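Q: Take a look at entry-v9.cif, mmCIF, C-alpha atoms; chains and numbers go by the auth columns:
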```
data_entry
loop_
_atom_site.group_PDB
_atom_site.id
_atom_site.type_symbol
_atom_site.label_atom_id
_atom_site.label_comp_id
_atom_site.label_asym_id
_atom_site.label_seq_id
_atom_site.Cartn_x
_atom_site.Cartn_y
_atom_site.Cartn_z
_atom_site.B_iso_or_equiv
_atom_site.auth_seq_id
_atom_site.auth_asym_id
ATOM 1 C CA MET A 1 -4.444 76.727 -12.980 0.00 954 A
ATOM 2 C CA ARG A 2 -2.160 78.421 -15.381 0.00 955 A
ATOM 3 C CA ASN A 3 0.336 81.071 -14.718 0.00 956 A
ATOM 4 C CA PRO A 4 0.175 84.460 -16.489 0.00 957 A
ATOM 5 C CA LEU A 5 3.034 83.615 -18.829 0.00 958 A
ATOM 6 C CA GLN A 6 1.130 80.598 -20.127 0.00 959 A
ATOM 7 C CA ASP A 7 -1.949 82.757 -20.704 0.00 960 A
ATOM 8 C CA GLN A 8 0.120 85.295 -22.670 0.00 961 A
ATOM 9 C CA LEU A 9 1.679 82.590 -24.843 0.00 962 A
ATOM 10 C CA LEU A 10 -1.759 81.121 -25.494 0.00 963 A
ATOM 11 C CA LYS A 11 -3.185 84.550 -26.511 0.00 964 A
ATOM 12 C CA ALA A 12 -0.222 85.226 -28.776 0.00 965 A
ATOM 13 C CA GLY A 13 -0.874 81.867 -30.493 0.00 966 A
ATOM 14 C CA LEU A 14 2.587 80.478 -29.838 0.00 967 A
ATOM 15 C CA VAL A 15 1.191 77.361 -28.063 0.00 968 A
ATOM 16 C CA ASN A 16 -2.115 75.564 -28.255 0.00 969 A
ATOM 17 C CA LYS A 17 -4.508 74.899 -25.383 0.00 970 A
ATOM 18 C CA ALA A 18 -3.739 71.155 -25.178 0.00 971 A
ATOM 19 C CA LYS A 19 -0.015 71.821 -24.767 0.00 972 A
ATOM 20 C CA VAL A 20 -0.662 74.330 -21.949 0.00 973 A
ATOM 21 C CA ASN A 21 -2.926 71.871 -20.122 0.00 974 A
ATOM 22 C CA GLN A 22 -0.315 69.087 -20.437 0.00 975 A
ATOM 23 C CA VAL A 23 2.423 71.292 -18.973 0.00 976 A
ATOM 24 C CA ALA A 24 0.095 72.278 -16.102 0.00 977 A
ATOM 25 C CA ARG A 25 -0.615 68.611 -15.309 0.00 978 A
ATOM 26 C CA GLU A 26 3.099 67.786 -15.284 0.00 979 A
ATOM 27 C CA GLN A 27 3.786 70.676 -12.923 0.00 980 A
ATOM 28 C CA ASN A 28 1.056 69.464 -10.546 0.00 981 A
ATOM 29 C CA LYS A 29 2.499 65.976 -10.594 0.00 982 A
ATOM 30 C CA GLN A 30 5.931 67.306 -9.738 0.00 983 A
ATOM 31 C CA LYS A 31 4.555 69.320 -6.829 0.00 984 A
ATOM 32 C CA LEU A 32 2.640 66.355 -5.417 0.00 985 A
ATOM 33 C CA GLY A 33 5.448 63.877 -5.971 0.00 986 A
ATOM 34 C CA LYS A 34 8.030 65.868 -4.013 0.00 987 A
ATOM 35 C CA ALA A 35 6.256 65.612 -0.670 0.00 988 A
ATOM 36 C CA PRO A 36 8.387 63.794 1.919 0.00 989 A
ATOM 37 C CA PRO A 37 7.256 60.230 2.579 0.00 990 A
ATOM 38 C CA ALA A 38 5.194 59.730 5.701 0.00 991 A
ATOM 39 C CA PRO A 39 7.006 57.951 8.537 0.00 992 A
ATOM 40 C CA PRO A 40 5.914 54.326 8.940 0.00 993 A
ATOM 41 C CA ARG A 41 3.228 53.822 11.533 0.00 994 A
ATOM 42 C CA GLU A 42 3.584 51.417 14.444 0.00 995 A
ATOM 43 C CA ASP A 43 0.866 49.208 12.995 0.00 996 A
ATOM 44 C CA ALA A 44 2.825 48.849 9.766 0.00 997 A
ATOM 45 C CA ILE A 45 6.013 48.035 11.702 0.00 998 A
ATOM 46 C CA ASP A 46 4.208 45.419 13.809 0.00 999 A
ATOM 47 C CA THR A 47 2.639 43.902 10.709 0.00 1000 A
ATOM 48 C CA ALA A 48 5.994 43.697 8.948 0.00 1001 A
ATOM 49 C CA ARG A 49 7.590 42.073 12.019 0.00 1002 A
ATOM 50 C CA LEU A 50 4.742 39.539 12.297 0.00 1003 A
ATOM 51 C CA GLN A 51 5.040 38.700 8.613 0.00 1004 A
ATOM 52 C CA ALA A 52 8.791 38.157 8.976 0.00 1005 A
ATOM 53 C CA GLU A 53 8.252 35.899 12.012 0.00 1006 A
ATOM 54 C CA ARG A 54 5.555 33.944 10.194 0.00 1007 A
ATOM 55 C CA ALA A 55 7.804 33.505 7.147 0.00 1008 A
ATOM 56 C CA GLU A 56 10.655 32.249 9.357 0.00 1009 A
ATOM 57 C CA ARG A 57 8.334 29.815 11.147 0.00 1010 A
ATOM 58 C CA ASP A 58 6.996 28.574 7.796 0.00 1011 A
ATOM 59 C CA ARG A 59 10.563 28.003 6.553 0.00 1012 A
ATOM 60 C CA ALA A 60 11.402 26.045 9.709 0.00 1013 A
ATOM 61 C CA LEU A 61 8.268 23.905 9.380 0.00 1014 A
ATOM 62 C CA ALA A 62 8.993 23.263 5.719 0.00 1015 A
ATOM 63 C CA ALA A 63 12.554 22.214 6.538 0.00 1016 A
ATOM 64 C CA GLU A 64 11.273 19.857 9.250 0.00 1017 A
ATOM 65 C CA ARG A 65 8.702 18.360 6.882 0.00 1018 A
ATOM 66 C CA ASN A 66 11.383 17.878 4.240 0.00 1019 A
ATOM 67 C CA ALA A 67 13.639 16.152 6.773 0.00 1020 A
ATOM 68 C CA GLN A 68 10.813 13.842 7.853 0.00 1021 A
ATOM 69 C CA ALA A 69 9.990 13.034 4.240 0.00 1022 A
ATOM 70 C CA ARG A 70 13.662 12.289 3.532 0.00 1023 A
ATOM 71 C CA ALA A 71 13.879 10.005 6.593 0.00 1024 A
ATOM 72 C CA ALA A 72 10.721 8.145 5.521 0.00 1025 A
ATOM 73 C CA GLU A 73 12.146 7.782 2.020 0.00 1026 A
ATOM 74 C CA LEU A 74 15.398 6.336 3.394 0.00 1027 A
ATOM 75 C CA ARG A 75 13.474 3.874 5.609 0.00 1028 A
ATOM 76 C CA ALA A 76 11.467 2.749 2.584 0.00 1029 A
ATOM 77 C CA GLN A 77 14.665 2.279 0.560 0.00 1030 A
ATOM 78 C CA VAL A 78 16.223 0.222 3.379 0.00 1031 A
ATOM 79 C CA ARG A 79 13.089 -1.936 3.623 0.00 1032 A
ATOM 80 C CA GLN A 80 13.113 -2.508 -0.130 0.00 1033 A
ATOM 81 C CA ILE A 81 16.819 -3.428 -0.185 0.00 1034 A
ATOM 82 C CA ILE A 82 16.327 -5.912 2.655 0.00 1035 A
ATOM 83 C CA ASP A 83 13.251 -7.475 1.057 0.00 1036 A
ATOM 84 C CA THR A 84 14.928 -7.908 -2.324 0.00 1037 A
ATOM 85 C CA HIS A 85 18.377 -9.110 -1.147 0.00 1038 A
ATOM 86 C CA LYS A 86 17.603 -11.247 1.894 0.00 1039 A
ATOM 87 C CA VAL A 87 19.154 -14.706 1.944 0.00 1040 A
ATOM 88 C CA LYS A 88 16.867 -17.655 2.560 0.00 1041 A
ATOM 89 C CA ARG A 89 17.521 -19.143 5.953 0.00 1042 A
ATOM 90 C CA SER A 90 17.376 -22.842 6.533 0.00 1043 A
ATOM 91 C CA GLY A 91 18.932 -25.043 9.141 0.00 1044 A
ATOM 92 C CA GLU A 92 18.810 -25.988 12.742 0.00 1045 A
ATOM 93 C CA ILE A 93 21.928 -24.300 14.155 0.00 1046 A
ATOM 94 C CA ASP A 94 21.217 -21.393 16.487 0.00 1047 A
ATOM 95 C CA TYR A 95 23.467 -18.476 15.547 0.00 1048 A
ATOM 96 C CA ARG A 96 23.476 -16.126 18.548 0.00 1049 A
ATOM 97 C CA PHE A 97 24.317 -12.432 18.573 0.00 1050 A
ATOM 98 C CA THR A 98 23.581 -9.405 20.740 0.00 1051 A
ATOM 99 C CA HIS A 99 21.174 -6.647 19.826 0.00 1052 A
ATOM 100 C CA ASP A 100 19.673 -4.002 22.140 0.00 1053 A
ATOM 101 C CA ASN A 101 21.533 -5.464 25.131 0.00 1054 A
ATOM 102 C CA ALA A 102 19.880 -8.838 24.646 0.00 1055 A
ATOM 103 C CA ILE A 103 21.035 -12.095 23.116 0.00 1056 A
ATOM 104 C CA ARG A 104 19.128 -12.935 19.941 0.00 1057 A
ATOM 105 C CA SER A 105 19.402 -15.950 17.684 0.00 1058 A
ATOM 106 C CA VAL A 106 18.584 -17.007 14.140 0.00 1059 A
ATOM 107 C CA LEU A 107 18.455 -20.512 12.734 0.00 1060 A
ATOM 108 C CA VAL A 108 21.082 -21.159 10.065 0.00 1061 A
ATOM 109 C CA ASN A 109 22.848 -24.095 8.437 0.00 1062 A
ATOM 110 C CA GLU A 110 26.599 -24.750 8.491 0.00 1063 A
ATOM 111 C CA SER A 111 27.394 -22.814 5.273 0.00 1064 A
ATOM 112 C CA LEU A 112 25.401 -19.739 6.369 0.00 1065 A
ATOM 113 C CA ARG A 113 27.123 -19.839 9.771 0.00 1066 A
ATOM 114 C CA SER A 114 30.561 -19.886 8.152 0.00 1067 A
ATOM 115 C CA GLN A 115 29.595 -17.024 5.832 0.00 1068 A
ATOM 116 C CA LEU A 116 28.362 -15.002 8.832 0.00 1069 A
ATOM 117 C CA ALA A 117 31.592 -15.707 10.727 0.00 1070 A
ATOM 118 C CA SER A 118 33.736 -14.678 7.754 0.00 1071 A
ATOM 119 C CA GLY A 119 31.767 -11.461 7.135 0.00 1072 A
ATOM 120 C CA ALA A 120 30.350 -12.462 3.743 0.00 1073 A
ATOM 121 C CA LEU A 121 26.857 -12.196 5.245 0.00 1074 A
ATOM 122 C CA VAL A 122 25.523 -9.689 7.761 0.00 1075 A
ATOM 123 C CA ILE A 123 22.448 -9.597 9.953 0.00 1076 A
ATOM 124 C CA ALA A 124 20.037 -6.684 9.584 0.00 1077 A
ATOM 125 C CA ALA A 125 17.062 -5.832 11.794 0.00 1078 A
ATOM 126 C CA LEU A 126 13.814 -5.046 10.008 0.00 1079 A
ATOM 127 C CA ASP A 127 10.949 -4.190 12.349 0.00 1080 A
ATOM 128 C CA ASP A 128 11.040 -7.092 14.828 0.00 1081 A
ATOM 129 C CA ARG A 129 12.687 -9.707 12.618 0.00 1082 A
ATOM 130 C CA TYR A 130 16.254 -10.356 11.523 0.00 1083 A
ATOM 131 C CA GLU A 131 17.396 -11.019 7.972 0.00 1084 A
ATOM 132 C CA LEU A 132 20.657 -12.277 6.468 0.00 1085 A
ATOM 133 C CA LEU A 133 22.062 -10.056 3.716 0.00 1086 A
ATOM 134 C CA PRO A 134 25.084 -10.256 1.417 0.00 1087 A
ATOM 135 C CA ARG A 135 27.872 -7.715 1.947 0.00 1088 A
ATOM 136 C CA ALA A 136 26.984 -5.612 -1.151 0.00 1089 A
ATOM 137 C CA ALA A 137 23.417 -5.055 0.063 0.00 1090 A
ATOM 138 C CA ALA A 138 24.709 -4.269 3.558 0.00 1091 A
ATOM 139 C CA GLU A 139 26.926 -1.513 2.150 0.00 1092 A
ATOM 140 C CA LYS A 140 23.919 0.043 0.399 0.00 1093 A
ATOM 141 C CA ILE A 141 21.979 -0.071 3.665 0.00 1094 A
ATOM 142 C CA ARG A 142 24.904 1.333 5.654 0.00 1095 A
ATOM 143 C CA GLU A 143 24.910 4.404 3.354 0.00 1096 A
ATOM 144 C CA ARG A 144 21.252 5.049 4.200 0.00 1097 A
ATOM 145 C CA ASP A 145 20.958 3.934 7.854 0.00 1098 A
ATOM 146 C CA ALA A 146 23.825 2.178 9.607 0.00 1099 A
ATOM 147 C CA SER A 147 21.735 1.379 12.686 0.00 1100 A
ATOM 148 C CA VAL A 148 19.833 -1.316 10.748 0.00 1101 A
ATOM 149 C CA ILE A 149 22.955 -3.486 10.488 0.00 1102 A
ATOM 150 C CA VAL A 150 23.003 -5.543 13.695 0.00 1103 A
ATOM 151 C CA LEU A 151 25.936 -7.892 13.123 0.00 1104 A
ATOM 152 C CA ASP A 152 28.829 -7.498 10.705 0.00 1105 A
ATOM 153 C CA HIS A 153 32.009 -9.436 11.457 0.00 1106 A
ATOM 154 C CA ALA A 154 33.957 -7.658 8.694 0.00 1107 A
ATOM 155 C CA GLN A 155 33.497 -4.250 10.390 0.00 1108 A
ATOM 156 C CA PRO A 156 34.976 -3.469 13.823 0.00 1109 A
ATOM 157 C CA PRO A 157 32.345 -2.976 16.529 0.00 1110 A
ATOM 158 C CA ALA A 158 31.227 0.633 16.943 0.00 1111 A
ATOM 159 C CA GLY A 159 32.050 0.765 20.648 0.00 1112 A
ATOM 160 C CA ASP A 160 35.695 -0.345 20.364 0.00 1113 A
ATOM 161 C CA THR A 161 37.979 1.354 22.817 0.00 1114 A
ATOM 162 C CA PRO A 162 41.754 1.452 22.651 0.00 1115 A
ATOM 163 C CA ALA A 163 43.428 -1.735 23.866 0.00 1116 A
ATOM 164 C CA SER A 164 43.649 -1.972 27.611 0.00 1117 A
ATOM 165 C CA ASP A 165 45.971 -4.139 29.700 0.00 1118 A
ATOM 166 C CA ASP A 166 43.403 -6.945 29.755 0.00 1119 A
ATOM 167 C CA ASP A 167 43.113 -6.882 25.968 0.00 1120 A
ATOM 168 C CA THR A 168 46.852 -7.214 25.500 0.00 1121 A
ATOM 169 C CA TYR A 169 46.994 -10.060 28.013 0.00 1122 A
ATOM 170 C CA TYR A 170 44.151 -12.017 26.426 0.00 1123 A
ATOM 171 C CA ALA A 171 45.484 -11.403 22.909 0.00 1124 A
ATOM 172 C CA GLN A 172 47.936 -14.242 23.395 0.00 1125 A
ATOM 173 C CA PHE A 173 45.070 -16.749 23.620 0.00 1126 A
ATOM 174 C CA GLN A 174 43.499 -17.774 20.356 0.00 1127 A
ATOM 175 C CA VAL A 175 39.709 -18.250 20.219 0.00 1128 A
ATOM 176 C CA PRO A 176 38.595 -20.814 17.658 0.00 1129 A
ATOM 177 C CA ASP A 177 36.366 -19.530 14.847 0.00 1130 A
ATOM 178 C CA ASP A 178 33.980 -22.459 15.148 0.00 1131 A
ATOM 179 C CA LEU A 179 33.186 -21.809 18.798 0.00 1132 A
ATOM 180 C CA ILE A 180 29.429 -22.060 19.341 0.00 1133 A
ATOM 181 C CA TRP A 181 28.050 -20.640 22.556 0.00 1134 A
#
```
Hey, can you dump this file as structure tokens for me?
A:
Amino acid sequence: MRNPLQDQLLKAGLVNKAKVNQVAREQNKQKLGKAPPAPPREDAIDTARLQAERAERDRALAAERNAQARAAELRAQVRQIIDTHKVKRSGEIDYRFTHDNAIRSVLVNESLRSQLASGALVIAALDDRYELLPRAAAEKIRERDASVIVLDHAQPPAGDTPASDDDTYYAQFQVPDDLIW
């Protein structure tokens, strides 16, 4: 569909037929392109909302999976550190300590007992057994999971409260380091 001016220019030979057709196509495109966009339908809005919810849920699940994978990795690192650095236990002296509100014991010799009392060695719980570890390995484990360390005489107990009247009274009495109970 050409306008009369285009027909006159074509008859006069000022433009060729291909140029007239190209201009007509461009004019049609401009007419069609200027129509206002249709308002979004409710179905499209619901679909977009569902997609956003699904994406958020997927992100949350991915974050949870990553956290679980990180925790499993840390447990594996702790297990490996304990297996590679554990001190061989030998002896017939029961060294008693508390863990999970129960009194536990490990068999040690006199030198291991003195190292435990001084804080050079610590006791770590691995599954349902207890292992003796040197201080350097215990620090590596403490960075990953402090709950594995069961007994460490060099560190203050986690549940220490400020000194009460009883503590100040009993502070005057010295308890021997070699006390075995």
Q: Record the distance separating atom CA of A:Leu1086 and atom CA of A:Val1101, expressed in Å with one decimal.
A: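 Between atom CA of A:Leu1086 and atom CA of A:Val1101 the gap works out to 11.4 Å.
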Q: Once you count only C-alpha atoms, which residues end up no further than 8 Å from (37.1, -18.1, 12.3) in the file's frame, shown as a VMD selection string?
A: chain A and resid 1067 1070 to 1071 1129 to 1131
Q: Pick out the closest residue to A:Gln1108 from this set: A:Glu1009, A:Glu1084, A:Glu1092, A:Glu995. Count all atoms listed in the file.
A: A:Glu1092
Q: Pick from A:Arg1066, A:Arg1032, A:Lys972, A:Arg1012: nearest to A:Tyr1048, with all atoms listed in the file counted?
A: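 Smallest separation from A:Tyr1048 among the options: A:Arg1066.
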Q: When you look at A:Arg1042 with a cut-off of 10 Å (counting all atoms listed in the file), what residues show up, excluding the ones that are within fewer than 5 positions of it in the same chain? I need them as a list in words.
A: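 Answer for this query is Val1059, Leu1060, Val1061, Asn1062, Leu1065, Glu1084 and Leu1085 of chain A.
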Q: Taking all atoms listed in the file into account, which of A:Asp1105, A:Glu979, A:Asp1119, A:Glu1017 comes nearest A:Ile1076?
A: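 Among the listed residues, the smallest separation from A:Ile1076 belongs to A:Asp1105.
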Q: Looking at only C-alpha atoms, which of A:Asp1036, A:Asp1118, A:Glu1096, A:Asp1011 is the one that sits closest to A:Asp1080?
A: A:Asp1036
Q: Find the distance between atom CA of A:Val1031 and atom CA of A:Ile1094 and write it in Å to one decimal.
A: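 Atom-to-atom, atom CA of A:Val1031 to atom CA of A:Ile1094, that is 5.8 Å.
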Q: Determine, counting all atoms listed in the file, which protein, DNA and RNA residues have an atom within 10 Å of an atom of stretch 1038-1040 of chain A; residues of the same chain fewer than 3 positions away are not included. Present the result as a PyMOL selection string.
A: chain A and resi 1033-1035+1043+1065+1074-1077+1083-1087+1089-1091
Q: Rank nothing, just name the residue among A:Asp996, A:Gln1127, A:Val973, A:Phe1050 nearest to A:Pro957, using only C-alpha atoms.
A: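 The answer is A:Val973, which sits nearest to A:Pro957.
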Q: For A:Lys1093, which of A:Leu1003, A:Ala1020, A:Leu1027, A:Ala971 is the closest residue, counting only C-alpha atoms?
A: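 Counting only C-alpha atoms, the residue closest to A:Lys1093 is A:Leu1027.
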